[in-house]
file data-v6.txt (compact mmCIF, C-alpha atoms)
# COMPACT_ATOMS: atom_id res chain seq x y z
CA ALA A 1053 100.11 97.73 117.34
CA GLN A 1054 103.80 97.02 117.22
CA SER A 1055 106.12 99.24 115.24
CA VAL A 1056 109.79 99.85 114.54
CA THR A 1057 111.65 103.08 114.04
CA GLN A 1058 114.92 103.23 112.18
CA LEU A 1059 116.98 106.30 112.99
CA GLY A 1060 118.71 107.68 109.92
CA SER A 1061 117.47 107.01 106.44
CA HIS A 1062 121.02 107.23 105.09
CA VAL A 1063 124.28 106.19 106.72
CA SER A 1064 127.68 106.59 105.09
CA VAL A 1065 130.86 104.95 106.37
CA SER A 1066 134.37 104.38 105.13
CA GLU A 1067 135.50 100.92 104.17
CA GLY A 1068 136.87 99.23 107.29
CA ALA A 1069 134.91 101.45 109.67
CA LEU A 1070 132.29 100.36 112.16
CA VAL A 1071 128.74 100.03 110.87
CA LEU A 1072 125.95 100.96 113.27
CA LEU A 1073 122.34 100.98 112.10
CA ARG A 1074 119.77 101.90 114.71
CA CYS A 1075 116.40 100.32 115.34
CA ASN A 1076 113.93 100.90 118.15
CA TYR A 1077 110.75 98.95 118.58
CA SER A 1078 107.50 99.41 120.40
CA SER A 1079 105.81 96.35 121.76
CA SER A 1080 103.72 95.43 124.74
CA VAL A 1081 104.90 91.84 124.63
CA PRO A 1082 108.31 90.28 124.01
CA PRO A 1083 108.80 90.71 120.30
CA TYR A 1084 110.51 88.77 117.60
CA LEU A 1085 112.90 91.13 115.80
CA PHE A 1086 114.61 90.84 112.45
CA TRP A 1087 117.11 92.58 110.24
CA TYR A 1088 116.83 92.20 106.48
CA VAL A 1089 119.11 93.45 103.71
CA GLN A 1090 118.00 94.45 100.23
CA TYR A 1091 120.47 94.82 97.40
CA PRO A 1092 119.45 96.87 94.35
CA ASN A 1093 116.66 95.29 92.33
CA GLN A 1094 116.51 92.27 94.60
CA GLY A 1095 114.25 90.89 97.28
CA LEU A 1096 114.84 90.91 101.01
CA GLN A 1097 117.38 88.60 102.57
CA LEU A 1098 117.39 87.73 106.26
CA LEU A 1099 120.52 88.88 108.10
CA LEU A 1100 119.56 87.76 111.58
CA LYS A 1101 116.67 87.38 113.99
CA TYR A 1102 115.99 87.62 117.70
CA THR A 1103 113.51 85.14 119.13
CA SER A 1104 113.94 85.58 122.89
CA ALA A 1105 117.00 83.39 123.25
CA ALA A 1106 120.43 85.05 123.47
CA THR A 1107 120.30 88.82 123.46
CA LEU A 1108 123.34 89.08 121.20
CA VAL A 1109 122.46 87.64 117.84
CA LYS A 1110 125.01 86.85 115.16
CA GLY A 1111 123.99 86.85 111.54
CA ILE A 1112 125.43 86.44 108.12
CA ASN A 1113 128.19 88.51 106.53
CA GLY A 1114 129.68 89.44 109.91
CA PHE A 1115 126.66 91.37 111.18
CA GLU A 1116 125.31 91.12 114.69
CA ALA A 1117 122.60 92.81 116.73
CA GLU A 1118 121.94 93.17 120.42
CA PHE A 1119 118.48 93.11 121.95
CA LYS A 1120 118.21 95.64 124.80
CA LYS A 1121 114.85 95.50 126.48
CA SER A 1122 115.57 98.51 128.72
CA GLU A 1123 116.22 100.65 125.65
CA THR A 1124 113.69 98.89 123.37
CA SER A 1125 116.48 98.72 120.83
CA PHE A 1126 117.86 96.19 118.39
CA HIS A 1127 120.76 97.97 116.70
CA LEU A 1128 122.70 96.29 113.91
CA THR A 1129 126.49 96.43 113.90
CA LYS A 1130 129.46 95.21 111.92
CA PRO A 1131 133.02 95.87 113.08
CA SER A 1132 134.48 96.56 109.66
CA ALA A 1133 132.49 97.69 106.64
CA HIS A 1134 133.09 96.21 103.23
CA MET A 1135 132.17 97.75 99.91
CA SER A 1136 129.78 94.87 99.32
CA ASP A 1137 127.76 95.90 102.40
CA ALA A 1138 126.30 98.85 100.51
CA ALA A 1139 122.57 98.15 100.45
CA GLU A 1140 119.34 99.03 102.18
CA TYR A 1141 118.70 97.54 105.60
CA PHE A 1142 115.33 96.98 107.19
CA CYS A 1143 114.47 96.29 110.80
CA ALA A 1144 111.22 94.39 111.36
CA VAL A 1145 109.09 93.20 114.25
CA SER A 1146 106.80 90.22 114.21
CA GLU A 1147 103.26 90.93 115.24
CA GLY A 1148 100.41 88.57 115.73
CA SER A 1149 99.22 85.67 117.76
CA GLY A 1150 98.01 82.17 117.21
CA GLY A 1151 100.81 81.51 114.80
CA TYR A 1152 99.74 84.25 112.40
CA ASN A 1153 102.88 86.34 112.51
CA LYS A 1154 103.04 89.25 110.13
CA LEU A 1155 106.20 91.33 109.79
CA ILE A 1156 106.04 95.07 110.32
CA PHE A 1157 108.98 96.87 108.72
CA GLY A 1158 110.80 100.05 109.53
CA ALA A 1159 111.37 102.69 106.86
CA GLY A 1160 114.81 101.35 106.03
CA THR A 1161 118.36 102.71 106.19
CA ARG A 1162 120.47 103.00 103.09
CA LEU A 1163 124.10 102.21 103.83
CA ALA A 1164 126.80 103.68 101.62
CA VAL A 1165 130.40 102.49 101.93
CA HIS A 1166 133.10 104.62 100.41
CA PRO A 1167 136.78 103.80 99.88
CA ASP B 966 113.97 74.44 96.78
CA ALA B 967 113.59 77.23 94.25
CA GLY B 968 112.35 79.65 96.89
CA VAL B 969 109.33 81.90 96.53
CA ILE B 970 108.64 82.44 92.86
CA GLN B 971 106.95 85.56 91.61
CA SER B 972 105.85 86.38 88.10
CA PRO B 973 106.19 88.46 86.13
CA ARG B 974 109.42 90.18 87.25
CA HIS B 975 108.42 93.35 85.45
CA GLU B 976 105.05 94.57 84.27
CA VAL B 977 104.26 97.73 82.38
CA THR B 978 100.62 98.44 81.77
CA GLU B 979 98.34 101.28 80.84
CA MET B 980 96.10 103.00 83.32
CA GLY B 981 92.75 101.28 83.55
CA GLN B 982 94.02 97.83 82.62
CA GLU B 983 93.76 94.81 84.87
CA VAL B 984 97.01 93.54 86.35
CA THR B 985 97.55 90.12 87.90
CA LEU B 986 100.63 89.31 89.94
CA ARG B 987 101.43 85.72 90.79
CA CYS B 988 103.22 83.97 93.60
CA LYS B 989 104.25 80.39 94.27
CA PRO B 990 105.25 79.93 97.92
CA ILE B 991 107.75 77.44 99.23
CA SER B 992 106.27 73.98 99.48
CA GLY B 993 105.17 73.25 103.04
CA HIS B 994 104.90 76.88 104.09
CA ASN B 995 101.45 77.64 105.43
CA SER B 996 101.51 81.45 105.57
CA LEU B 997 101.72 83.80 102.60
CA PHE B 998 102.14 87.56 102.63
CA TRP B 999 101.83 90.27 99.96
CA TYR B 1000 103.86 93.46 100.48
CA ARG B 1001 104.16 96.63 98.44
CA GLN B 1002 107.33 98.74 98.40
CA THR B 1003 107.43 102.38 97.34
CA MET B 1004 109.86 105.19 97.98
CA MET B 1005 107.23 107.20 99.80
CA ARG B 1006 105.66 104.53 101.98
CA GLY B 1007 108.36 101.88 102.31
CA LEU B 1008 107.27 98.27 102.80
CA GLU B 1009 103.56 97.91 103.46
CA LEU B 1010 101.77 94.67 104.23
CA LEU B 1011 98.75 94.38 101.96
CA ILE B 1012 97.27 91.03 102.97
CA TYR B 1013 98.27 87.70 104.41
CA PHE B 1014 96.91 84.19 104.33
CA ASN B 1015 97.23 81.27 106.70
CA ASN B 1016 96.38 77.83 105.36
CA ASN B 1017 94.96 79.54 102.25
CA VAL B 1018 92.53 81.64 104.32
CA PRO B 1019 92.86 85.44 104.32
CA ILE B 1020 93.62 86.53 107.87
CA ASP B 1021 94.13 90.27 107.57
CA ASP B 1022 93.45 92.38 104.49
CA SER B 1023 93.41 95.71 106.27
CA GLY B 1024 96.40 96.84 104.27
CA MET B 1025 94.69 96.48 100.92
CA PRO B 1026 94.46 100.08 99.77
CA GLU B 1027 91.19 100.03 97.86
CA ASP B 1028 88.52 97.80 96.40
CA ARG B 1029 90.52 97.84 93.19
CA PHE B 1030 92.90 95.42 94.91
CA SER B 1031 92.00 91.80 95.49
CA ALA B 1032 93.99 88.71 96.44
CA LYS B 1033 93.24 85.03 96.30
CA MET B 1034 94.91 81.84 97.39
CA PRO B 1035 93.00 78.98 95.77
CA ASN B 1036 95.45 76.36 97.01
CA ALA B 1037 98.61 76.01 99.05
CA SER B 1038 100.91 76.49 96.08
CA PHE B 1039 99.54 79.57 94.38
CA SER B 1040 98.35 83.08 95.11
CA THR B 1041 97.39 86.07 92.98
CA LEU B 1042 97.17 89.78 93.61
CA LYS B 1043 94.91 91.58 91.16
CA ILE B 1044 94.49 95.29 90.53
CA GLN B 1045 91.48 96.34 88.47
CA PRO B 1046 91.52 99.00 87.20
CA SER B 1047 95.16 99.95 87.63
CA GLU B 1048 96.27 103.54 88.26
CA PRO B 1049 99.69 105.24 88.03
CA ARG B 1050 99.89 105.48 91.82
CA ASP B 1051 99.88 101.68 91.98
CA SER B 1052 103.37 101.68 90.49
CA ALA B 1053 105.59 99.91 93.01
CA VAL B 1054 107.48 96.71 93.66
CA TYR B 1055 105.20 93.99 94.98
CA PHE B 1056 106.75 91.26 97.09
CA CYS B 1057 105.36 87.92 98.08
CA ALA B 1058 106.72 86.07 101.11
CA SER B 1059 105.95 82.72 102.65
CA LYS B 1060 106.55 81.23 106.09
CA GLY B 1061 106.28 77.81 107.64
CA GLU B 1062 105.41 76.85 111.20
CA ALA B 1063 109.00 76.22 112.12
CA SER B 1064 110.75 78.27 109.49
CA GLY B 1065 111.35 81.91 108.86
CA TYR B 1066 110.06 84.22 106.20
CA THR B 1067 111.31 83.86 102.64
CA PHE B 1068 110.76 86.65 100.16
CA GLY B 1069 110.42 86.42 96.43
CA SER B 1070 112.37 88.66 94.09
CA GLY B 1071 109.38 90.92 93.57
CA THR B 1072 107.35 92.22 90.64
CA ARG B 1073 108.12 95.74 89.51
CA LEU B 1074 104.84 97.24 88.32
CA THR B 1075 104.73 100.40 86.25
CA VAL B 1076 101.36 101.87 85.35
CA VAL B 1077 101.51 104.56 82.67
call {"tool": "encode", "arguments": {"input": "data-v6.txt", "output": "structure tokens"}}
result
Amino acid sequence: AQSVTQLGSHVSVSEGALVLLRCNYSSSVPPYLFWYVQYPNQGLQLLLKYTSAATLVKGINGFEAEFKKSETSFHLTKPSAHMSDAAEYFCAVSEGSGGYNKLIFGAGTRLAVHP
Amino acid sequence: DAGVIQSPRHEVTEMGQEVTLRCKPISGHNSLFWYRQTMMRGLELLIYFNNNVPIDDSGMPEDRFSAKMPNASFSTLKIQPSEPRDSAVYFCASKGEASGYTFGSGTRLTVV
């Protein structure tokens, strides 16, 4: 079965600093990979997704992620953190065949941004 | 489109009572997923449907949990009887053939 591991359950950065949230996946086949963001008391919102096209994927709110097959990684980055980026971030891999694609989520990383 | 609609947003119930959570997927989406989110276990997939047919219910924790999708526009997740450990946020998501996953806002269930 496919799985994702998010390194660091909590990450704290200063406003304006680089954001780096780590995600490693395990998969025997080329995966589809996703990053979602969850603000307090809200549902999950898609930030970006990798579907075997370009390895560098740009998403909303200035986030991007790079698919590295050799490292089985899909880390999320943003050059300059904003206070509004404080939220929980989930990496996910799509598993399944025949069009039945269920998402398997990592444990999540809570991002704190301080002034 | 109004997105995936879940009801109720919050539910507080007593242990032993039956609880029914509801989900209306996005029109045209043919896959529907029920997830549970807790602090201890994160986001767990409970069950998913494709074209109203349950495909994988291996994540359903116990026989107390059941889910149905009688038509393409409605699904329910039922817990009977409910227990305090069922307290969690339950999310419904839907997906189309050529579209991504869309999550509802969730139902926060508290069993006392």
call {"tool": "atom_distance", "arguments": {"input": "data-v6.txt", "atom1": "atom CA of B:Lys1043", "atom2": "atom CA of B:Gly1007"}}
result
20.3 Å
call {"tool": "closest_atom_pairs", "arguments": {"input": "data-v6.txt", "of": "chain A", "to": "chain B", "cutoff": "9 Å", "atoms": "only C-alpha atoms", "output": "tab-separated table"}}
result
residue	atom	partner	partner_atom	distance
A:Asn1093	CA	B:Ser1070	CA	8.1
A:Gln1094	CA	B:Ser1070	CA	5.5
A:Gly1095	CA	B:Ser1070	CA	4.3
A:Leu1096	CA	B:Phe1068	CA	6.0
A:Gln1097	CA	B:Phe1068	CA	7.3
A:Leu1098	CA	B:Thr1067	CA	8.1
A:Gly1151	CA	B:Glu1062	CA	7.5
A:Tyr1152	CA	B:Asn1015	CA	6.9
A:Asn1153	CA	B:Ser996	CA	8.6
A:Lys1154	CA	B:Tyr1013	CA	7.6
A:Leu1155	CA	B:Leu1010	CA	7.9
A:Ile1156	CA	B:Leu1010	CA	7.4
A:Phe1157	CA	B:Leu1008	CA	6.3
A:Gly1158	CA	B:Leu1008	CA	7.8
A:Ala1159	CA	B:Gly1007	CA	5.5
A:Gly1160	CA	B:Gly1007	CA	7.5
call {"tool": "atom_distance", "arguments": {"input": "data-v6.txt", "atom1": "atom CA of A:Arg1074", "atom2": "atom CA of A:Leu1100"}}
result
14.5 Å
call {"tool": "atom_distance", "arguments": {"input": "data-v6.txt", "atom1": "atom CA of A:Thr1107", "atom2": "atom CA of A:Val1081"}}
result
15.7 Å
call {"tool": "closest_residue", "arguments": {"input": "data-v6.txt", "among": "B:Asn1017, B:Ser1023, B:Ser1047, B:Ser972", "to": "B:Cys988", "atoms": "all atoms listed in the file"}}
result
B:Ser972
call {"tool": "residues_around", "arguments": {"input": "data-v6.txt", "residues": "B:Val969", "least_positions_apart": "5", "cutoff": "6 Å", "atoms": "only C-alpha atoms", "output": "PyMOL selection string"}}
result
chain B and resi 989-991+1069
call {"tool": "residues_around", "arguments": {"input": "data-v6.txt", "residues": "stretch 1120-1126 of chain A", "least_positions_apart": "4", "cutoff": "9 Å", "atoms": "only C-alpha atoms", "output": "MDAnalysis selection string"}}
result
chainID A and resid 1074:1079 1082 1085:1087 1102 1107 1143
call {"tool": "write_last_selection", "arguments": {"input": "data-v6.txt", "atoms": "C-alpha atoms", "output": "PDB file, in the coordinates of the input"}}
result
ATOM      1  CA  ARG A1074     119.770 101.900 114.710  1.00  0.00           C
ATOM      2  CA  CYS A1075     116.400 100.320 115.340  1.00  0.00           C
ATOM      3  CA  ASN A1076     113.930 100.900 118.150  1.00  0.00           C
ATOM      4  CA  TYR A1077     110.750  98.950 118.580  1.00  0.00           C
ATOM      5  CA  SER A1078     107.500  99.410 120.400  1.00  0.00           C
ATOM      6  CA  SER A1079     105.810  96.350 121.760  1.00  0.00           C
ATOM      7  CA  PRO A1082     108.310  90.280 124.010  1.00  0.00           C
ATOM      8  CA  LEU A1085     112.900  91.130 115.800  1.00  0.00           C
ATOM      9  CA  PHE A1086     114.610  90.840 112.450  1.00  0.00           C
ATOM     10  CA  TRP A1087     117.110  92.580 110.240  1.00  0.00           C
ATOM     11  CA  TYR A1102     115.990  87.620 117.700  1.00  0.00           C
ATOM     12  CA  THR A1107     120.300  88.820 123.460  1.00  0.00           C
ATOM     13  CA  CYS A1143     114.470  96.290 110.800  1.00  0.00           C
TER      14      CYS A1143
END
call {"tool": "residues_around", "arguments": {"input": "data-v6.txt", "residues": "stretch 1068-1073 of chain A", "least_positions_apart": "2", "cutoff": "10 Å", "atoms": "only C-alpha atoms", "output": "ChimeraX atom specification"}}
result
/A:1058-1066,1075,1115-1117,1126-1135,1137,1141-1143,1160-1163,1165-1167
